[in-house]
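Please read the structure below before turning to the comments.
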Amino acid sequence: MSANLKPNTKKSFKLMIVDDSNIMRRRIERSQQFEELQLVGTAGNGLEALELFKKTDPDVVTMDLTMPQMDGIECIGRLVTLKPAVRILVISALADKATAVEAMEKGANGFLNKPFTDRQLNEAIAELLC
Amino acid sequence: MLYEQELKTFVDATTNFFSVAAQEPASIGSPYLMEGAPSVHEYTGIISISGKREGVVYFTAPKAMLTVMLMKMQENDFSHETMRDLVGEVANTISGNARRDFSREFVISVPSVLSGEKPDVPQHAGRRSFIIPINWRSHSAKLVVSLS
């Protein structure tokens, strides 16, 4: 078998992006460079995220915190209850340590502050996928 | 009442936003006390503050500046809605970053956005407001911080 025909053994992960800003959702989608991540949908608040999560069963979620209707902290708790193995990267402007600690205690696996560079985003996702 | 160190927190957050998100540093002027009614540009993103401090933080910018910012951010949608989204996100990011110094008792709202020639910006009698001038490329914008 030639190298070109070798089956792709990389595991793929379903990705959901949650942020109330369209610009941020597009930015995350455009900037992430992982072939193994397949975007299954985006949501603009925690409630939409819960519905989409039940329909698409993502493995990886990027989660904003300050959102209308249901904030990110509450949504993280709900998603982890539905699927304990889900990996959640919080991407938020909230820069105090207490908020990061609370998000991690709810079940988030990583925390990235806005604004961020493409490199910072990809490093944070890489850590999440380890 | 706002203290010098607290204003520096917003200056630093604004500086960081333009360097990282807009990929080009802005020149941030010295904050000064606002007198009279606020003058705003075409788009204004407003964050209400509650908790230990109360008030508003808003970012106001002209459409031309927002258009160039979107280009620098690799965006290709320059619609009215995207302009509104951007000013809200800038105000949200700068206010959220300020929690590094103000702590989590500095509670920020989701952004509300005003657009048009003479929008009605919320004002509170007796609360002093400071203007932080922002010059980026050939454009001028403002961050206004009004906290009790």
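A note on labels: chains of the structure tokens are A, B, ... as shown, every chain counts residues from 1, and ligands are counted from 1 in their shown order.
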Worksheet item: stretch 62-65 of chain B: which residues within 6 Å, counting only C-alpha atoms, same-chain residues fewer than 5 positions away excluded, as an MDAnalysis selection string?
Response: chainID B and resid 41:42 139
Worksheet item: Which residues come within 8 Å of B:Ser146, counting only C-alpha atoms, excluding same-chain residues fewer than 2 positions away, as a ChimeraX atom specification?
Response: /B:55-57,127-130,144,148
Same residues, N, CA and C atoms, output as a tab-separated table (two decimals), in the first residue's frame:
chain	number	residue	atom	x	y	z
B	55	GLY	N	-22.68	51.39	36.88
B	55	GLY	CA	-22.51	52.37	35.82
B	55	GLY	C	-22.50	51.73	34.46
B	56	VAL	N	-21.80	52.39	33.54
B	56	VAL	CA	-21.70	51.88	32.18
B	56	VAL	C	-20.28	52.06	31.65
B	57	VAL	N	-19.94	51.19	30.73
B	57	VAL	CA	-18.72	51.34	29.93
B	57	VAL	C	-19.16	51.25	28.49
B	127	ARG	N	-22.79	61.25	38.38
B	127	ARG	CA	-21.72	60.27	38.17
B	127	ARG	C	-20.71	60.85	37.18
B	128	ARG	N	-19.46	60.84	37.55
B	128	ARG	CA	-18.45	61.40	36.67
B	128	ARG	C	-18.08	60.38	35.60
B	129	SER	N	-17.95	60.87	34.39
B	129	SER	CA	-17.60	59.98	33.27
B	129	SER	C	-16.26	60.40	32.70
B	130	PHE	N	-15.45	59.42	32.38
B	130	PHE	CA	-14.14	59.70	31.79
B	130	PHE	C	-14.09	59.17	30.36
B	144	VAL	N	-15.76	55.22	26.93
B	144	VAL	CA	-16.27	56.06	28.01
B	144	VAL	C	-16.53	55.17	29.23
B	148	SER	N	-19.78	54.45	39.48
B	148	SER	CA	-19.90	55.03	40.82
B	148	SER	C	-18.88	54.34	41.73
Practice prompt. Give as a PyMOL selection string every residue of chain A that touches chain B within 10 Å, counting only C-alpha atoms.
Written response: chain A and resi 20-24+26-27+30-31+65-68+71+92-99+113-118
Worksheet item: Which neighbours of A:Lys10 fall inside 12 Å, counting only C-alpha atoms, when residues of the same chain fewer than 4 positions from it are skipped, and could you give them as JSON, numbers by chain?
Response: {"A": [6, 34, 35, 36, 37, 129]}
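Comparing A:Leu112, A:Val101, A:Leu82, A:Leu39 by their smallest distance to A:Lys54, the closest is A:Leu82 (using only C-alpha atoms).
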Worksheet entry | Backbone-only DSSP, helix (DSSP H, G or I) members of chain B, as a PyMOL selection string | chain B and resi 4-20+63-72+80-97+99-102
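Between atom CA of A:Asn109 and atom CA of A:Met16 the separation is 14.7 Å.
Computed from the coordinates, the atom CA of A:Met104 to atom CA of B:Ser112 distance equals 28.2 Å.
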